[in-house]
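Down below is the structure, laid out as structure tokens.
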Amino acid sequence: TAILAASLLAGCAPVAQNGDTVSLPAVVPAPASIEAGSDAPFRLSAATSVTGETDAAAALAEIVAARTGLVPAAGDGSSAIELRIDSSTDSATGGGAESYRISVDEASVVVTGADAAGLFYGVQTLGQLIARDGSEWMVPAVTIEDAPRFAYRGVMLDVARHFHPVETVKGYIDRAAALKFNALHLHLTDDQGWRIQLESRPELTARASATAVGGDAGGFYSKADYREIVEYAASRHMIVVPELDMPGHTHAVGLAYPELAEDPTISDEMRESISDHGGEEPLSGVAYEGTAVGFSSLKTRDEATYDFVADVFGELAAMTPGPYLHFGGDESLSTASEDFAAFVTRASDIIADLGKTPVAWHEAGAAAGGLADTTVGQYWGFRTPQDGAGDKARAFVDNGGQLILSPADAIYLDMKYPPASTDVAAPELGLTWANGPTSVERAYSWEPSDVIGGIDDSGILGVEAPLWTETIRTAADIDTMAFPRAAAAAEAAWSPATGASHLRTWASFRERVGALGPLWTSMRIDFHPSEEIPWV
Ligand code: TNX
């Protein structure tokens, strides 16, 4: 049949439907609905024209050129791809934010977005549908109707442990947006460096940005650099969520403003680990190039600290069009718990008073009753919560906020991959503390509404995959750790719940991701060719 013939040629993956195995074009993240058409495929050629919305046409032209080498014509052609926006609720997309519809037959391709973001996502899906047919290119006949499950779909990049230049960040934005992520969380500060220039506190970048983990060079974003990142992200329908981590993870603040920081507290555990594995003990006033956590704290009882918090978040709020400011709050192991509670309460209020929504790692949920009631919690415990982490997360929802889920034993992209059993060497990069190594299958096989007891989709703002960079130095390192596992996180964030769609299975996902290999190669993504995936 036409469907099976197309599947031999195209990036198609077999899918069991009503007991029969049919082939559907491979789309990641899985769309809400996809149906193969009976028509012959649409042929892409130099005569194909693209009409309609110009931003979306430019985005499509980029993908088509990278994948096929063809340059679509702008005006009339012999066959047409039409890109439109229709926000009416009785439109083909149903009108929900970020939703889109694609219909492909032999004569035409029509992509309709409910808004500009929806059209952009439709274009990303269309890019995945393009397939080789001998020496030609085609798009199989198909109808797709699609909308996101969660409003917030994030990736996080740690630019503090290793600094990553603007060009690398832009590359990561392109890659993430192609998987329908809409938030880039930048972890801008940590013990090892402060990476964002702020005029209100110039010593931060002047004195605390030059170094990084392992003696590598540091760096920072000027205000112009940050603006460039924010604008580039916006052009890909992503917001930037900047994080200034406090009251712990603040050794760098002490290099710039010694009066605000406590002296390092070195626990027995840390001293032991240093004597076992080598490394330096953190010293007051000396840049820290190791990877230990939990030894630093701001002076939480000092009013000067809150002037600092107001200055840095006030300036960051003015630079950040997105609604969220992240104040960290993780692993403040050397801050007394009542001091920690008092600090996070005031930090969340300062941010809420700036008209922004505060975000904190789940530890701040210990003080949830006092936090600004909009405060969003970011959960980084395991898929099965341990040591009260689930209660801390739930407290944000009880307080009126929502959760971002980043289960560390599933979607921490800095965890090592499993060692290879065949000829594909696994990268050396990565850590293992979160029950690692983390296979692609584990990154995929979890359901957001099953993580925190009593919290369903209404309490979940979204899903975010963090990439911490203790071992990650280059853009190629980022690619290797993030791909293919970021695609698993994208599917948890975008696609219908496990069980609600026949595509939401590991068996389907591994086939669909495998079919994206040629597209990822054309995008120059240095993905890890994991043996778990049947790469095309
Ligand atoms: C825990 S997750 C951290 C980071 C480390 C990471 C390494 C979280 C909120 N804190 O400081 O970089 O583990 O995986």
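Just remember, in the structure tokens the first chain shown is A, the second B, etc., residues are 1-based per chain, and ligands are 1-based in the order shown.
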Quiz item: Neighbours of ligand 1 within 10 Å, counting only C-alpha atoms and all ligand atoms, as an MDAnalysis selection string?
Solution: chainID A and resid 158 160:161 187 190:191 245 248:249 291:294 328:332 360:363 378:381 406:409 412:415 430:434 466:471
List as JSON lines every residue of region 131-236 of chain A that is in contact with region 21-43 of chain A, defined as an atom at most 9 Å from one of its atoms (using only C-alpha atoms), together with the nearest atom pair and the distance in Å rounded to one decimal, sorted by chain and then rising number.
```
{"residue": "A:Glu136", "atom": "CA", "partner": "A:Arg43", "partner_atom": "CA", "distance": 7.8}
{"residue": "A:Trp137", "atom": "CA", "partner": "A:Arg43", "partner_atom": "CA", "distance": 6.2}
{"residue": "A:Met138", "atom": "CA", "partner": "A:Arg43", "partner_atom": "CA", "distance": 4.4}
{"residue": "A:Val139", "atom": "CA", "partner": "A:Phe42", "partner_atom": "CA", "distance": 5.1}
{"residue": "A:Pro140", "atom": "CA", "partner": "A:Pro41", "partner_atom": "CA", "distance": 4.3}
{"residue": "A:Ala141", "atom": "CA", "partner": "A:Gly37", "partner_atom": "CA", "distance": 4.7}
{"residue": "A:Val142", "atom": "CA", "partner": "A:Ala36", "partner_atom": "CA", "distance": 4.4}
{"residue": "A:Thr143", "atom": "CA", "partner": "A:Glu35", "partner_atom": "CA", "distance": 5.3}
{"residue": "A:Ile144", "atom": "CA", "partner": "A:Ile34", "partner_atom": "CA", "distance": 4.4}
{"residue": "A:Glu145", "atom": "CA", "partner": "A:Ser33", "partner_atom": "CA", "distance": 5.2}
{"residue": "A:Asp146", "atom": "CA", "partner": "A:Ala32", "partner_atom": "CA", "distance": 4.8}
{"residue": "A:Ala147", "atom": "CA", "partner": "A:Ala32", "partner_atom": "CA", "distance": 6.5}
{"residue": "A:Pro148", "atom": "CA", "partner": "A:Ala32", "partner_atom": "CA", "distance": 8.0}
{"residue": "A:Arg149", "atom": "CA", "partner": "A:Ala32", "partner_atom": "CA", "distance": 8.8}
{"residue": "A:Leu179", "atom": "CA", "partner": "A:Pro29", "partner_atom": "CA", "distance": 6.5}
{"residue": "A:Lys180", "atom": "CA", "partner": "A:Pro29", "partner_atom": "CA", "distance": 7.7}
```
Exercise. Determine which residues of region 310-408 of chain A receive a DSSP assignment of helix (DSSP H, G or I), computed from the backbone, and state them as an MDAnalysis selection string.
Key: chainID A and resid 310:319 337:353 362:370 389:398 408
Requested write-out: C-alpha atoms of the selected residues, as an mmCIF file, in the first residue's frame:
```cif
data_model
loop_
_atom_site.group_PDB
_atom_site.id
_atom_site.type_symbol
_atom_site.label_atom_id
_atom_site.label_comp_id
_atom_site.auth_asym_id
_atom_site.auth_seq_id
_atom_site.Cartn_x
_atom_site.Cartn_y
_atom_site.Cartn_z
ATOM 1 C CA ALA A 310 17.289 43.504 45.695
ATOM 2 C CA ASP A 311 19.998 45.038 43.501
ATOM 3 C CA VAL A 312 20.885 41.944 41.521
ATOM 4 C CA PHE A 313 17.337 40.708 40.965
ATOM 5 C CA GLY A 314 16.065 44.231 40.344
ATOM 6 C CA GLU A 315 18.565 44.700 37.540
ATOM 7 C CA LEU A 316 18.018 41.188 36.204
ATOM 8 C CA ALA A 317 14.231 41.732 36.157
ATOM 9 C CA ALA A 318 14.697 44.797 33.961
ATOM 10 C CA MET A 319 16.843 42.774 31.535
ATOM 11 C CA SER A 337 17.662 25.802 58.579
ATOM 12 C CA GLU A 338 15.877 28.738 60.250
ATOM 13 C CA ASP A 339 18.250 31.159 58.507
ATOM 14 C CA PHE A 340 17.621 29.393 55.199
ATOM 15 C CA ALA A 341 13.850 29.688 55.685
ATOM 16 C CA ALA A 342 14.107 33.376 56.500
ATOM 17 C CA PHE A 343 16.344 33.989 53.488
ATOM 18 C CA VAL A 344 14.247 32.193 50.870
ATOM 19 C CA THR A 345 11.103 33.875 52.196
ATOM 20 C CA ARG A 346 12.608 37.324 51.688
ATOM 21 C CA ALA A 347 14.210 36.461 48.343
ATOM 22 C CA SER A 348 10.888 35.192 46.972
ATOM 23 C CA ASP A 349 9.107 38.337 48.203
ATOM 24 C CA ILE A 350 11.721 40.607 46.614
ATOM 25 C CA ILE A 351 11.222 38.863 43.260
ATOM 26 C CA ALA A 352 7.420 38.830 43.503
ATOM 27 C CA ASP A 353 7.492 42.565 44.329
ATOM 28 C CA HIS A 362 12.622 22.167 45.880
ATOM 29 C CA GLU A 363 14.597 22.581 49.138
ATOM 30 C CA ALA A 364 12.996 26.030 49.509
ATOM 31 C CA GLY A 365 9.685 24.183 49.954
ATOM 32 C CA ALA A 366 10.769 23.670 53.576
ATOM 33 C CA ALA A 367 9.696 27.304 54.008
ATOM 34 C CA ALA A 368 6.799 27.171 51.554
ATOM 35 C CA GLY A 369 4.232 28.608 53.963
ATOM 36 C CA GLY A 370 6.259 31.841 53.976
ATOM 37 C CA ALA A 389 11.957 15.792 48.871
ATOM 38 C CA GLY A 390 8.431 14.986 47.668
ATOM 39 C CA ASP A 391 6.897 16.786 50.681
ATOM 40 C CA LYS A 392 9.005 19.869 50.017
ATOM 41 C CA ALA A 393 7.901 19.847 46.387
ATOM 42 C CA ARG A 394 4.223 19.360 47.289
ATOM 43 C CA ALA A 395 4.442 22.340 49.656
ATOM 44 C CA PHE A 396 4.843 24.744 46.703
ATOM 45 C CA VAL A 397 1.533 23.554 45.268
ATOM 46 C CA ASP A 398 -0.185 23.753 48.679
ATOM 47 C CA ALA A 408 17.570 13.659 38.488
#
```
Quiz item: In region 372-434 of chain A, what's strand (DSSP E) per DSSP? Answer as number ranges by chain?
Solution: A: 376-379, 403-405
Self-check item: Contacts of region 212-229 of chain A within 9 Å, only C-alpha atoms, excl. fewer than 4 positions in-chain, as a VMD selection string
Solution: chain A and resid 159 to 167 169 to 170 173 188 192 to 199 205 233 to 234 240 287 to 291 319 to 320 469 to 471 473
Writer output for current selection, N, CA and C atoms, as a short mmCIF file (atom, residue, chain, number, x, y, z; two decimals), in the first residue's frame:
```
data_model
loop_
_atom_site.label_atom_id
_atom_site.label_comp_id
_atom_site.auth_asym_id
_atom_site.auth_seq_id
_atom_site.Cartn_x
_atom_site.Cartn_y
_atom_site.Cartn_z
N VAL A 159 26.26 27.54 33.20
CA VAL A 159 27.37 28.28 32.59
C VAL A 159 28.35 28.76 33.67
N ALA A 160 28.12 28.28 34.91
CA ALA A 160 28.98 28.69 36.02
C ALA A 160 30.15 27.74 36.21
N ARG A 161 29.91 26.42 36.22
CA ARG A 161 31.01 25.47 36.43
C ARG A 161 31.96 25.52 35.24
N HIS A 162 31.40 25.54 34.03
CA HIS A 162 32.17 25.90 32.84
C HIS A 162 31.38 26.96 32.09
N PHE A 163 32.08 27.99 31.68
CA PHE A 163 31.41 29.05 30.93
C PHE A 163 31.22 28.63 29.48
N HIS A 164 30.08 28.96 28.91
CA HIS A 164 29.80 28.63 27.51
C HIS A 164 29.46 29.91 26.76
N PRO A 165 30.18 30.18 25.68
CA PRO A 165 30.02 31.46 24.98
C PRO A 165 28.66 31.59 24.30
N VAL A 166 28.34 32.82 23.90
CA VAL A 166 27.03 33.13 23.31
C VAL A 166 26.73 32.21 22.13
N GLU A 167 27.71 31.96 21.28
CA GLU A 167 27.45 31.13 20.08
C GLU A 167 27.01 29.72 20.47
N VAL A 169 25.47 28.91 23.26
CA VAL A 169 24.12 29.02 23.81
C VAL A 169 23.10 29.13 22.68
N LYS A 170 23.44 29.91 21.66
CA LYS A 170 22.51 30.03 20.51
C LYS A 170 22.31 28.66 19.84
N ILE A 173 19.96 26.70 21.89
CA ILE A 173 18.59 27.21 21.69
C ILE A 173 17.99 26.61 20.42
N LEU A 188 23.39 30.90 36.11
CA LEU A 188 24.38 31.94 35.82
C LEU A 188 25.45 32.11 36.89
N GLN A 192 31.91 28.57 41.60
CA GLN A 192 33.06 28.70 40.70
C GLN A 192 33.06 29.98 39.88
N GLY A 193 31.97 30.71 39.82
CA GLY A 193 32.00 31.94 39.04
C GLY A 193 30.66 32.64 38.93
N TRP A 194 30.73 33.94 38.70
CA TRP A 194 29.52 34.76 38.48
C TRP A 194 29.57 35.20 37.03
N ARG A 195 28.57 34.83 36.23
CA ARG A 195 28.69 34.93 34.77
C ARG A 195 27.80 35.98 34.11
N ILE A 196 27.23 36.89 34.90
CA ILE A 196 26.38 37.92 34.27
C ILE A 196 26.78 39.29 34.82
N GLN A 197 27.06 40.20 33.89
CA GLN A 197 27.47 41.55 34.27
C GLN A 197 26.27 42.34 34.80
N LEU A 198 26.45 42.95 35.97
CA LEU A 198 25.39 43.79 36.53
C LEU A 198 26.01 45.12 36.97
N GLU A 199 25.44 46.21 36.48
CA GLU A 199 26.02 47.52 36.78
C GLU A 199 25.89 47.87 38.25
N THR A 205 31.47 40.48 38.27
CA THR A 205 32.17 39.97 37.09
C THR A 205 33.63 40.42 37.06
N ALA A 233 16.66 33.73 21.66
CA ALA A 233 15.70 32.76 22.22
C ALA A 233 14.28 33.14 21.81
N ALA A 234 13.95 34.42 21.91
CA ALA A 234 12.59 34.87 21.57
C ALA A 234 12.27 34.56 20.11
N VAL A 240 14.00 33.12 28.41
CA VAL A 240 15.18 32.84 29.23
C VAL A 240 14.77 32.95 30.69
N ALA A 287 39.59 31.98 44.39
CA ALA A 287 38.66 31.38 43.43
C ALA A 287 38.63 29.86 43.61
N TYR A 288 37.44 29.27 43.54
CA TYR A 288 37.28 27.83 43.76
C TYR A 288 37.15 27.13 42.41
N GLU A 289 38.01 26.12 42.19
CA GLU A 289 38.00 25.41 40.90
C GLU A 289 37.64 23.94 41.04
N GLY A 290 37.19 23.55 42.24
CA GLY A 290 36.76 22.17 42.46
C GLY A 290 35.28 22.00 42.17
N THR A 291 34.73 20.85 42.60
CA THR A 291 33.31 20.57 42.30
C THR A 291 32.51 20.20 43.55
N MET A 319 16.18 43.31 32.73
CA MET A 319 16.84 42.77 31.53
C MET A 319 16.12 41.56 30.96
N THR A 320 15.12 41.06 31.68
CA THR A 320 14.54 39.76 31.36
C THR A 320 13.06 39.89 31.04
N THR A 469 27.58 21.34 34.39
CA THR A 469 28.74 21.27 33.50
C THR A 469 30.09 21.09 34.21
N GLU A 470 30.07 20.39 35.35
CA GLU A 470 31.35 20.10 36.00
C GLU A 470 32.31 19.41 35.03
N THR A 471 31.80 18.49 34.20
CA THR A 471 32.66 17.73 33.27
C THR A 471 32.45 18.16 31.81
N ARG A 473 32.74 20.79 28.81
CA ARG A 473 33.51 21.98 28.45
C ARG A 473 33.10 22.63 27.14
#
```
Self-check item: For region 453-464 of chain A: contacts at 9 Å, only C-alpha atoms, fewer than 3 positions along chain excluded, given as a PyMOL selection string
Solution: chain A and resi 149-156+181+183+185+376+378+390-391+394+397+401-407+411+448-450+489-490+492-494
Practice problem: Find the residues around Thr250 (chain A) up to 8 Å (only C-alpha atoms counted), leave out those fewer than 3 positions away in its own chain, and share them as a PyMOL selection string. | Solution: chain A and resi 189-191+245-247+253-254+261+296-298
Store the residues picked out above, limited to N, CA and C atoms, as a CSV table (one decimal), in the first residue's frame.
```csv
chain,number,residue,atom,x,y,z
A,189,THR,N,25.2,31.6,38.1
A,189,THR,CA,26.2,31.8,39.2
A,189,THR,C,26.3,30.5,40.0
A,190,ASP,N,27.5,30.3,40.5
A,190,ASP,CA,27.7,29.2,41.4
A,190,ASP,C,29.1,29.5,42.2
A,191,ASP,N,29.5,28.6,43.0
A,191,ASP,CA,30.8,28.8,43.7
A,191,ASP,C,31.9,29.1,42.8
A,245,ASP,N,22.0,31.8,42.0
A,245,ASP,CA,21.8,30.8,43.0
A,245,ASP,C,22.2,31.3,44.4
A,246,MET,N,21.3,31.2,45.4
A,246,MET,CA,21.6,31.7,46.8
A,246,MET,C,20.7,31.1,47.7
A,247,PRO,N,20.9,31.0,49.0
A,247,PRO,CA,22.1,31.6,49.7
A,247,PRO,C,23.3,30.7,49.7
A,253,VAL,N,30.4,35.1,45.1
A,253,VAL,CA,30.0,36.4,45.7
A,253,VAL,C,31.0,36.9,46.7
A,254,GLY,N,31.5,36.0,47.5
A,254,GLY,CA,32.5,36.4,48.5
A,254,GLY,C,33.8,36.9,47.9
A,261,ALA,N,29.6,37.4,52.5
A,261,ALA,CA,29.7,35.9,52.5
A,261,ALA,C,30.3,35.4,53.8
A,296,SER,N,29.3,27.0,51.0
A,296,SER,CA,29.3,28.5,51.0
A,296,SER,C,27.9,29.0,51.4
A,297,SER,N,27.9,30.2,52.0
A,297,SER,CA,26.6,30.8,52.3
A,297,SER,C,26.7,32.3,52.4
A,298,LEU,N,25.7,33.0,51.9
A,298,LEU,CA,25.6,34.4,52.2
A,298,LEU,C,25.3,34.6,53.7
```
Quiz item: Nearest to Ala116 (chain A): which of A:Ile102, A:Ala500, A:Ala56, A:Val451 is it, counting only C-alpha atoms?
Solution: A:Ala56
Self-check item: Residues near Leu255 (chain A), cut-off 9 Å, only C-alpha atoms, skip fewer than 2 positions along chain, as a VMD selection string
Solution: chain A and resid 203 to 204 207 to 208 251 to 253 257 to 258 261 284 to 287
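Relative to CA of Ala425 (chain A), CA of Arg504 (chain A) is found at 28.2 Å.
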Quiz prompt | Best match for closeness to Thr54 (chain A) among A:Tyr306, A:Asp86, A:Glu259, A:Phe120, counting only C-alpha atoms | solution = A:Phe120
Quiz prompt | Residues within 7 Å of region 264-270 of chain A, only C-alpha atoms, excluding chain neighbours under 3 positions, as a PyMOL selection string | solution = chain A and resi 273-274+282-284+295-296+334
Quiz prompt | Distance in Å - CA of Ser88 (chain A) versus CA of Glu53 (chain A) | solution = 16.7 Å
